[in-house]
Protein chains: 4
Amino acid sequence: MKLNCDLGESYGSWTMGLDSQVMPFIDQANIACGFHAGDPDVMQRTLQLARQHSVQIGAHPAYPDLNGFGRRSMQCSHNEIINLIHYQLAALDGMAQCQGASVSYVKPHGALYNDMMSKPAVWQAVLQAIASYHKPLQLMLLADNNRQSYQQQAAALKVELIFEAFADRRYTNDGKLSPRSQHGAVLHGNEVLAQVSQLLNDGSVTTDSGQRLALNADTLCVHGDNPSAIAKVQQIRALLV
Amino acid sequence: MKLNCDLGESYGSWTMGLDSQVMPFIDQANIACGFHAGDPDVMQRTLQLARQHSVQIGAHPAYPDLNGFGRRSMQCSHNEIINLIHYQLAALDGMAQCQGASVSYVKPHGALYNDMMSKPAVWQAVLQAIASYHKPLQLMLLADNNRQSYQQQAAALKVELIFEAFADRRYTNDGKLSPRSQHGAVLHGNEVLAQVSQLLNDGSVTTDSGQRLALNADTLCVHGDNPSAIAKVQQIRALLV
Amino acid sequence: MKLNCDLGESYGSWTMGLDSQVMPFIDQANIACGFHAGDPDVMQRTLQLARQHSVQIGAHPAYPDLNGFGRRSMQCSHNEIINLIHYQLAALDGMAQCQGASVSYVKPHGALYNDMMSKPAVWQAVLQAIASYHKPLQLMLLADNNRQSYQQQAAALKVELIFEAFADRRYTNDGKLSPRSQHGAVLHGNEVLAQVSQLLNDGSVTTDSGQRLALNADTLCVHGDNPSAIAKVQQIRALLV
Amino acid sequence: MKLNCDLGESYGSWTMGLDSQVMPFIDQANIACGFHAGDPDVMQRTLQLARQHSVQIGAHPAYPDLNGFGRRSMQCSHNEIINLIHYQLAALDGMAQCQGASVSYVKPHGALYNDMMSKPAVWQAVLQAIASYHKPLQLMLLADNNRQSYQQQAAALKVELIFEAFADRRYTNDGKLSPRSQHGAVLHGNEVLAQVSQLLNDGSVTTDSGQRLALNADTLCVHGDNPSAIAKVQQIRALLV
């Protein structure tokens, strides 16, 4: 089980995330590519930081919505989605190569991620974007009940998938994240560690209705926004050893 | 002598340039990368068009100024210039590779081009950007009286230069372009063809004060904005055969 | 019956629309405010043109999506919609006042217009934005079968409505525009003039299934994109006299 | 002597400044208008905060450079500067009026402020922008040795000026701010309070070469970026009573 984290989400004079503090404890850095956050300078520094800690580099492309931080769904066409993913991941990959590194996977950000998991047309476009990129890249998505279906479709296009689980989010019975608006949707303190332990030891989570749900994940999404998130990541890392 | 042209300068719903009409007659396409013009969809289509006509692909990066079309000088730092060039050319190069092509040179756009030719610090940053890119790329710049100095500095960083002349611009005695504000700075009709012929046959231009100026150029910058510009390119192409 | 037209949709170096040619023939100019098109310079020139021809000035606010020309629906919250409308219309109104004019109505653009007509939450937010603006403004919307309902809601907030019909679009039986994807959805040539005549003389249109649909409109939306559109506007204007 | 502070410089998901903590202690809020920082939602909240504390509202317009936070000089034309100032201040003023308030002065931001103080063409454009606005507004600028000249030019256009001094910046003998690159250019701790006291009691500062420089200022620029800046503002406020 690996740990992945969204990083490089500062922009110009605005700082977000304690990137240098969380980087030592993660395996995979999902780096913003300039459309929801990140700019060429931020990307250069974040890539450098990932290199220093031998962390895998993932492109974290988004809808073009800086003001909404990529969290607002936008009605983009099939081709628009392919091209905006190619643009963003190519930019990050080329900058990574300037530092002797390279992008190894793609994790869509925010609304693009949610749309990918809920709208078949967006899923098809994202998958096509990865499949038509000029080198093989993995696609990171939510480990839910449709894992097998996702894998069949991806395999048909020769795309390898990485399934992620969320350390700090409650699940519904069908393997989706409980909406944030729902009480208890975000786990705190020991609940997080308990969920991680159950994922590691039993390959399952306990859903919002109390059922056991088998969840086969390759990586855990963690956060590096503030000191308490950093402390949590260190505790989770300790469980993984 | 080759012909190069700025292309892919449409944006979203706005169209600029008769790209499909000029592409058959040029050798090198300077393609906008999204900062002054161009968006992922425009770039994808422009790359496709360049491929169809076996035209060399150049990245045409600019200051981040969509509203000013990259024509307003911006006080960017050394590192900002390097990173914004890397970002833009990486984006274009990755998208080109998705189509089995690749970027072979860089020609800065607008104010970034002018600043490169007039401000040593900007020239150093641009040169450093090309030198530190992860693969060898040529840099296109204005053929003026300082050719030898440019070449020495570029050679020290193992960067190959492409010198361009302008078919339709009058030159000063020191090999700079006469400012557009000056009467006669832009050549029209047969003046253009006469200047091209002189460049081809004598390796020189006649300056705004009537002197002969030796000008050793590898490529001619032409335009594809309107039907009369297209006709002019065809006439220039005929002279090259 | 008045004529309204979307104008001021150029941006920076990109030109769109034959604004100076269509302005003499219309009554109401829907002027872009910088979020989907228009920039401060374009707005200044468009306002000047409207003033010269004594044309009423309308704010034409949009989702913040320059690249998509405001045509892509974006999931904005109630408050985001109110604030983005206030910002855009205040900017245009202040600039209009610098020329001795002022904004008298608001017509949302593109996806924001469509969402207003199809999603009750967006309609509520748009209506609230107009109602909470610091001076009375009219709101322009599509004349469809729900006219009475719209008017009741608007009256409750003391907002006056302007209902518009489309000269060149076929209608469905429930007073919506036939989707552009449908054959015959866009009227051409004499079909346009016939629809205008029927609106003027009979207060109705003939729908895509051949039925007569009563349509009570205050203004007709016309276009000024190209010479043939300009000619059409002149013909429609002649019918109105 | 009043206290002014730059505020409303958050953007989307990025937070900057402790606006709610500094607002109670200042008299004049320079509010970002969306071009270097601020967005319609941030502006709405900042205006609300200013209203609650009965703080005067100033527009803080900038070059269109979100990524550079308006700190990079951009070569804008006379008309571009006028229009971008009109656009930004009109947007803020209209939003302020929706809350029963209004903009009373303009303080250009960052590079636009520096250019106004160092390039006569930019000063002329800014002054013209204020003079041609549709209602009288004051213009805030740096109190330096040219006060009289500024006042004559402003008076000719019927623009009232507000001169500001910096609490925490060392001055040169000609009344300019010592460049930040120079050792001791930024004052700390008691140096700040000493400079404020001298301004209040003697109408002067001690320059970087140790001379007494008479400085007639109407307002002091203070900062609200972090807890120690807030503490400093409170100490300065105490001196003013």
# chains A, B, ... in the order shown; residues from 1 in each chain; ligands from 1
$ select_by_dssp --residues "stretch 163-203 of chain C" --states "alpha helix (DSSP H)" --output "ChimeraX atom specification"
/C:190-202
$ residues_around --residues "C:Leu161" --least-positions-apart "3" --cutoff "6 Å" --atoms "only C-alpha atoms" --output "PyMOL selection string"
chain C and resi 138-140
$ write_last_selection --atoms "all heavy atoms" --output "CSV table (one decimal), in the first residue's frame"
chain,number,residue,atom,x,y,z
C,138,GLN,N,-33.6,45.9,-15.6
C,138,GLN,CA,-34.5,44.9,-16.2
C,138,GLN,C,-33.7,43.6,-16.5
C,138,GLN,O,-32.5,43.7,-16.7
C,138,GLN,CB,-35.1,45.4,-17.4
C,138,GLN,CG,-36.0,46.6,-17.2
C,138,GLN,CD,-36.6,47.2,-18.5
C,138,GLN,OE1,-35.8,47.5,-19.4
C,138,GLN,NE2,-37.9,47.2,-18.6
C,139,LEU,N,-34.3,42.5,-16.5
C,139,LEU,CA,-33.7,41.2,-16.8
C,139,LEU,C,-34.3,40.7,-18.1
C,139,LEU,O,-35.5,40.5,-18.2
C,139,LEU,CB,-33.9,40.2,-15.7
C,139,LEU,CG,-33.5,38.8,-15.9
C,139,LEU,CD1,-32.0,38.6,-16.2
C,139,LEU,CD2,-33.8,37.9,-14.7
C,140,MET,N,-33.5,40.4,-19.1
C,140,MET,CA,-33.9,39.8,-20.3
C,140,MET,C,-33.8,38.3,-20.3
C,140,MET,O,-32.8,37.8,-20.0
C,140,MET,CB,-33.1,40.4,-21.5
C,140,MET,CG,-33.7,40.1,-22.9
C,140,MET,SD,-32.7,40.7,-24.2
C,140,MET,CE,-33.0,42.5,-24.1
$ closest_residue --among "D:Met1, D:Ala37, D:Val22, D:Ala101" --to "chain A" --atoms "only C-alpha atoms"
D:Ala37
$ interface_residues --of "chain D" --to "chain B" --cutoff "6 Å" --atoms "only C-alpha atoms" --output "count of residues only"
4
$ residues_around --residues "stretch 113-122 of chain C" --least-positions-apart "3" --cutoff "10 Å" --atoms "only C-alpha atoms" --output "VMD selection string"
chain C and resid 60 to 63 70 to 78 81 to 82 107 to 110 125 to 128 140 to 144 146 150 176
